[in-house]
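Notes follow the structure.
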Amino acid sequence: MTVLAALEGMDRLSSGDVLVAQNVAFAIMAITMVASALRMVTTRNVVHAALYLVIVLAGVAGIFILLGAEFLGVTQIMVYIGAIVVLFLFGIMLTKGSFGDDDGVTGERRLMAGLVGLLVFGVMAAALVESFADAELSRSGPSTTADIADSIFGYYIVPFEAVSVLLLAALIGAIVVARKD
Amino acid sequence: MSDLLTLAVELAWWQQTGIRAVLGLVAVLLPAGTLVYLFLFKMMSFMQSRLGPMEAGPHGSLQLLAEVGKFLQKEDIIPEKADRIVFKAAPFVVLISTFLLVLVIPAGPDAWFIDVDTGIFLALAVSSISVIGILMAGWASSSKYSLLGALRAAGQLVAYELPLLLAVVGVVIQAGTLNVQGIVMAQATGEIFGWGGIGNPFILTQFLGFAIFLIAVQAELTQPPFDMPVAESELVTGYLTEYSGLRFLLFFIGEFATAGIFAALAATLFLGGWYVPGIDPTSDLFNVIGPAVLLGKVILVSFLIFWFRFTYPRFREDQLQQLAWKVLIPLSLANIVVTGVLKVVF
């Protein structure tokens with residue numbers, strides 16, 4: 001219960017207190033993530049880019065856990081690191097094959113990519129600032145797995161089912177597109 | 001663990017962390033060494049009508065140390081065209097996954113490393129990190145055998161992660177918690193039709209889950225009959241081909257330590273973990289005998305794992321994928337449905 005205990009202890013803090021350990025941990029993760037994210041888009045080796053992505057995603061999981069969202073952090077590891085990056089690597093190795101191909105990544109569409117990245121960043125930053133401008137992390141302690149289950153299968157049951165059907169449709173669509181016969 | 005330590009002496013956080021790190025090392029290496037000597041050296045030899053190592057120590061019991069010494073002396077060769085950093089880092093990524101796995105397994109009512117709400121889900125999530133290490137090893141070696149081995153390994157591990165997860169879901173539904181300690185307690189305090197004499201080890205109600213879990217573990221460990229990623233007659237040793245010396249040893253330790261930890265997970269989920277019938281499950285006695293009980297159950301489960309390993313011939317790649325997608329996944333889904341229905345009915 002280390003994470004939980006630490007967060008439960010936050011009840012006793014007054015608003016002026018600074019959580020030194022949490023801030024240090026956040027700083028370490030944030031610096032690593034930013035550095036890896038920069039290397040990910042600047043490296044010319046696709047496999048290296050995928051491996052830098054692993055570090056960034058692990059950092060995201062770490063920050064989720066730091067915030068007390070344990071289930072979300074573990075899901076991040078499971079889905080992104082355990083499945084999606086593995087599929088990336090699998091795809092790259094299966095299709096490219098040639099090892100150490102350093103000029104594999106070309107920068108032809110650098111301008112477009114930069115523009116799209118800037119646009120996405122702008123929209124997300126605006127949305128986040130708009131909705132969480134002065135909100136503070138709830139001091140009532142972290143959300144447990146049971147809470148998340150209750151809200152997904154209770155209050156949010158309809159959106160959850162809609163997403164499930166959507167994913168199923170995508171899955172069937174992928175099979176139909178991939179099958180030749 | 002923290003409760004246990006604070007009872008005895010008041011320890012600072014860093015001291016507790018230090019003790020945890022040492023105990024974690026012991027918890028990973030001790031079962032790994034036991035399994036290698038007991039099963040790989042001795043049981044395999046007896047099954048093949050030979051004696052196995054006999055020279056180092058009585059009945060070759062110090063052979064393990066000799067092997068480690070041998071590997072440490074060997075030159076650490078890195079192929080000329082290898083991607084040096086990724087090549088060097090790969091065995092450590094596999095080991096990180098192994099060491100994180102051991103964290104969630106409790107060895108007594110208070111004897112554990114961390115008590116996390118997500119428990120078994122965390123364990124299965126970190127176990128999937130090892131795939132990345134294997135892909136890194138295969139790719140960075142710049143050898144076609146390594147690359148093919150790594151691709152086979154990745155395809156196999158991704159395919160068998162699903163039945164592994166789904167087999168656990170049945171246990172989670174029955175216990176009503178993801179927390180591993182909670183699952184042990186649910187078994188220790190459970191009753192079989194009102195009779196609580198031996199608790200209710202989930203192997204009785206979840207036998208299908210247990211069987212699927214063990215098959216999937218066999219595939220996750222890439223050992224026979226699922227050892228196409230390291231098939232020696234086709235791929236030399238797959239993604240391990242270019243590794244030598246210490247780094248090969250790290251992969252080797254990773255493989256057997258993971259075998260031990262998966263056996264411990266199976267023992268915890270299906271055989272009641274550190275609990276033995278007859279003693280009150282909240283008794284402090286379990287903090288002392290719990291680790292030994294757990295080790296005993298680990299040896300029992302890994303006996304099964306290694307028995308399969310030494311008995312069955314290798315699958316073909318398509319047979320392996322068919323077994324996962326057409327047999328194990330539908331079976332485990334059916335198991336979840338039946339468990340869910342029975343949970344609601346009773």
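Residues are referred to by chain and number: the chain letter is A, B, ... according to the order shown in the structure tokens, the number counts from 1 in that chain, and ligands are numbered separately from 1 in the order shown.
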Helix (DSSP H, G or I) per DSSP on the backbone: members of region 126-232 of chain B, as number ranges by chain: B: 126-127, 129-140, 144-175, 180-188, 207-220, 228-230, 232
Provide as a list in words the residues of chain A at most 8 Å from chain B, counting only C-alpha atoms.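 Residues of chain A within 8 Å of chain B, counting only C-alpha atoms: Met1, Thr2, Glu70, Phe71, Val74, Thr75, Ile77, Met78, Ile81, Gly82, Ala83, Val86, Leu89, Phe90, Met93, Leu94, Phe99, Gly100, Thr144 and Thr145 of chain A.
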With only C-alpha atoms as the counted atoms, please give the residues lying no more than 6 Å from region 325-334 of chain B, apart from itself and same-chain residues fewer than 3 positions off, as JSON, numbers by chain. {"B": [163, 166, 167, 322, 337]}
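What separates CA of Gly199 (chain B) from CA of Leu295 (chain B) is a distance of 19.4 Å.
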Nearest residue to Phe210 (chain B) out of B:Leu95, B:Ala257, B:Leu249, B:Ala263, using only C-alpha atoms? B:Ala263
Find the residue from B:Ile261, B:Leu246, B:Ile253, B:Ala56 that sits nearest to Val104 (chain B); use only C-alpha atoms when measuring.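 Ranked by minimum distance to Val104 (chain B), first place goes to B:Ile261.
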Within 8 Å of region 47-55 of chain A using only C-alpha atoms, minus same-chain residues under 4 positions, as number ranges by chain: A: 32-33, 36-37, 39-41, 43, 59, 81, 85, 88-89, 92
Atoms to include: N, CA and C atoms. Write the selected residues as a PDB file, in the first residue's frame.
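Everything below was put into part.pdb:
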```
ATOM      1  N   THR A  32      13.511  12.621 -18.130  1.00  0.00           N
ATOM      2  CA  THR A  32      13.779  11.450 -18.965  1.00  0.00           C
ATOM      3  C   THR A  32      12.805  11.396 -20.127  1.00  0.00           C
ATOM      4  N   MET A  33      11.521  11.654 -19.822  1.00  0.00           N
ATOM      5  CA  MET A  33      10.516  11.559 -20.880  1.00  0.00           C
ATOM      6  C   MET A  33      10.740  12.589 -21.977  1.00  0.00           C
ATOM      7  N   SER A  36      13.766  11.643 -24.022  1.00  0.00           N
ATOM      8  CA  SER A  36      13.504  10.498 -24.900  1.00  0.00           C
ATOM      9  C   SER A  36      12.568  10.879 -26.026  1.00  0.00           C
ATOM     10  N   ALA A  37      11.585  11.731 -25.716  1.00  0.00           N
ATOM     11  CA  ALA A  37      10.648  12.137 -26.760  1.00  0.00           C
ATOM     12  C   ALA A  37      11.390  12.904 -27.852  1.00  0.00           C
ATOM     13  N   ARG A  39      14.617  12.630 -28.613  1.00  0.00           N
ATOM     14  CA  ARG A  39      15.440  11.669 -29.355  1.00  0.00           C
ATOM     15  C   ARG A  39      14.577  10.825 -30.286  1.00  0.00           C
ATOM     16  N   MET A  40      13.352  10.541 -29.828  1.00  0.00           N
ATOM     17  CA  MET A  40      12.479   9.685 -30.637  1.00  0.00           C
ATOM     18  C   MET A  40      12.193  10.321 -31.988  1.00  0.00           C
ATOM     19  N   VAL A  41      11.961  11.638 -31.998  1.00  0.00           N
ATOM     20  CA  VAL A  41      11.632  12.257 -33.289  1.00  0.00           C
ATOM     21  C   VAL A  41      12.870  12.680 -34.054  1.00  0.00           C
ATOM     22  N   THR A  43      15.954  10.801 -33.962  1.00  0.00           N
ATOM     23  CA  THR A  43      16.803   9.694 -34.386  1.00  0.00           C
ATOM     24  C   THR A  43      16.416   9.245 -35.794  1.00  0.00           C
ATOM     25  N   GLY A  59       7.379   6.348 -18.722  1.00  0.00           N
ATOM     26  CA  GLY A  59       7.311   7.548 -17.907  1.00  0.00           C
ATOM     27  C   GLY A  59       5.877   7.962 -17.657  1.00  0.00           C
ATOM     28  N   ILE A  81       3.080  -0.562 -23.711  1.00  0.00           N
ATOM     29  CA  ILE A  81       4.412  -1.173 -23.793  1.00  0.00           C
ATOM     30  C   ILE A  81       4.296  -2.643 -24.186  1.00  0.00           C
ATOM     31  N   VAL A  85       3.744  -1.224 -28.626  1.00  0.00           N
ATOM     32  CA  VAL A  85       5.130  -1.063 -29.061  1.00  0.00           C
ATOM     33  C   VAL A  85       5.673  -2.389 -29.591  1.00  0.00           C
ATOM     34  N   PHE A  88       4.592  -2.534 -33.018  1.00  0.00           N
ATOM     35  CA  PHE A  88       5.430  -1.623 -33.815  1.00  0.00           C
ATOM     36  C   PHE A  88       6.728  -2.310 -34.197  1.00  0.00           C
ATOM     37  N   LEU A  89       7.439  -2.812 -33.156  1.00  0.00           N
ATOM     38  CA  LEU A  89       8.748  -3.432 -33.380  1.00  0.00           C
ATOM     39  C   LEU A  89       8.611  -4.623 -34.326  1.00  0.00           C
ATOM     40  N   ILE A  92       8.084  -3.340 -37.829  1.00  0.00           N
ATOM     41  CA  ILE A  92       9.303  -2.755 -38.401  1.00  0.00           C
ATOM     42  C   ILE A  92      10.277  -3.860 -38.795  1.00  0.00           C
TER      43      ILE A  92
END
```
As a list in words, list the residues of region 175-261 of chain B assigned to strand (DSSP E or B) by DSSP on the backbone atoms of this structure.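 Here is the list: Ile192, Trp195, Gly197 and Gly199 of chain B.
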Writer output for current selection, C-alpha atoms, as a CSV table (one decimal), in the first residue's frame:
```csv
chain,number,residue,atom,x,y,z
B,192,ILE,CA,-16.2,-26.3,-0.2
B,195,TRP,CA,-16.8,-27.5,4.7
B,197,GLY,CA,-11.3,-28.0,6.4
B,199,GLY,CA,-10.0,-23.8,2.5
```
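Counting only C-alpha atoms, the residue from B:Gln16, B:Trp307, B:Leu294, B:Leu30 that sits nearest to Met47 (chain B) is B:Trp307.
Proximity of A:Ala146, A:Leu38, A:Leu118, A:Ala27 to Leu66 (chain A), computed with only C-alpha atoms, is greatest for A:Ala27.
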Need to verify the contact set: Gly170 (chain B), 7 Å, only C-alpha atoms, exclusion of same-chain residues closer than 3 positions in sequence. Can you return it as a PDB file with N, CA and C atoms, in the first residue's frame?
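Final output, selection.pdb:
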```pdb
ATOM      1  N   ALA B 167      -7.053 -16.848 -18.374  1.00  0.00           N
ATOM      2  CA  ALA B 167      -7.132 -17.937 -17.394  1.00  0.00           C
ATOM      3  C   ALA B 167      -7.163 -17.373 -15.984  1.00  0.00           C
ATOM      4  N   ILE B 173     -12.470 -13.425 -10.720  1.00  0.00           N
ATOM      5  CA  ILE B 173     -13.922 -13.356 -10.508  1.00  0.00           C
ATOM      6  C   ILE B 173     -14.280 -14.098  -9.234  1.00  0.00           C
ATOM      7  N   GLN B 174     -13.696 -15.285  -9.050  1.00  0.00           N
ATOM      8  CA  GLN B 174     -14.068 -16.088  -7.890  1.00  0.00           C
ATOM      9  C   GLN B 174     -13.599 -15.444  -6.583  1.00  0.00           C
ATOM     10  N   GLN B 206     -11.267 -24.083 -10.596  1.00  0.00           N
ATOM     11  CA  GLN B 206     -10.700 -23.464 -11.798  1.00  0.00           C
ATOM     12  C   GLN B 206      -9.680 -24.389 -12.431  1.00  0.00           C
ATOM     13  N   GLY B 209      -8.777 -23.345 -15.828  1.00  0.00           N
ATOM     14  CA  GLY B 209      -7.919 -22.167 -15.785  1.00  0.00           C
ATOM     15  C   GLY B 209      -6.479 -22.541 -15.460  1.00  0.00           C
ATOM     16  N   ASN B 335     -14.611 -20.432 -19.946  1.00  0.00           N
ATOM     17  CA  ASN B 335     -14.370 -20.558 -18.506  1.00  0.00           C
ATOM     18  C   ASN B 335     -14.809 -19.298 -17.769  1.00  0.00           C
ATOM     19  N   ILE B 336     -14.515 -18.140 -18.359  1.00  0.00           N
ATOM     20  CA  ILE B 336     -14.899 -16.869 -17.717  1.00  0.00           C
ATOM     21  C   ILE B 336     -16.420 -16.765 -17.639  1.00  0.00           C
ATOM     22  N   THR B 339     -17.731 -19.209 -15.018  1.00  0.00           N
ATOM     23  CA  THR B 339     -17.392 -18.726 -13.672  1.00  0.00           C
ATOM     24  C   THR B 339     -18.268 -17.541 -13.285  1.00  0.00           C
TER      25      THR B 339
END
```
Neighbouring residues of Glu191 (chain B) were defined as those with any atom within 12 Å, considering only C-alpha atoms; residues of the same chain fewer than 4 positions away were excluded. Please report them as a list in words.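 So the residues in contact are Met185, Ala186, Gln187, Trp195, Gly196, Gly197, Ile198, Gly199, Asn200, Pro201, Phe202, Leu204, Thr205 and Pro277 of chain B.
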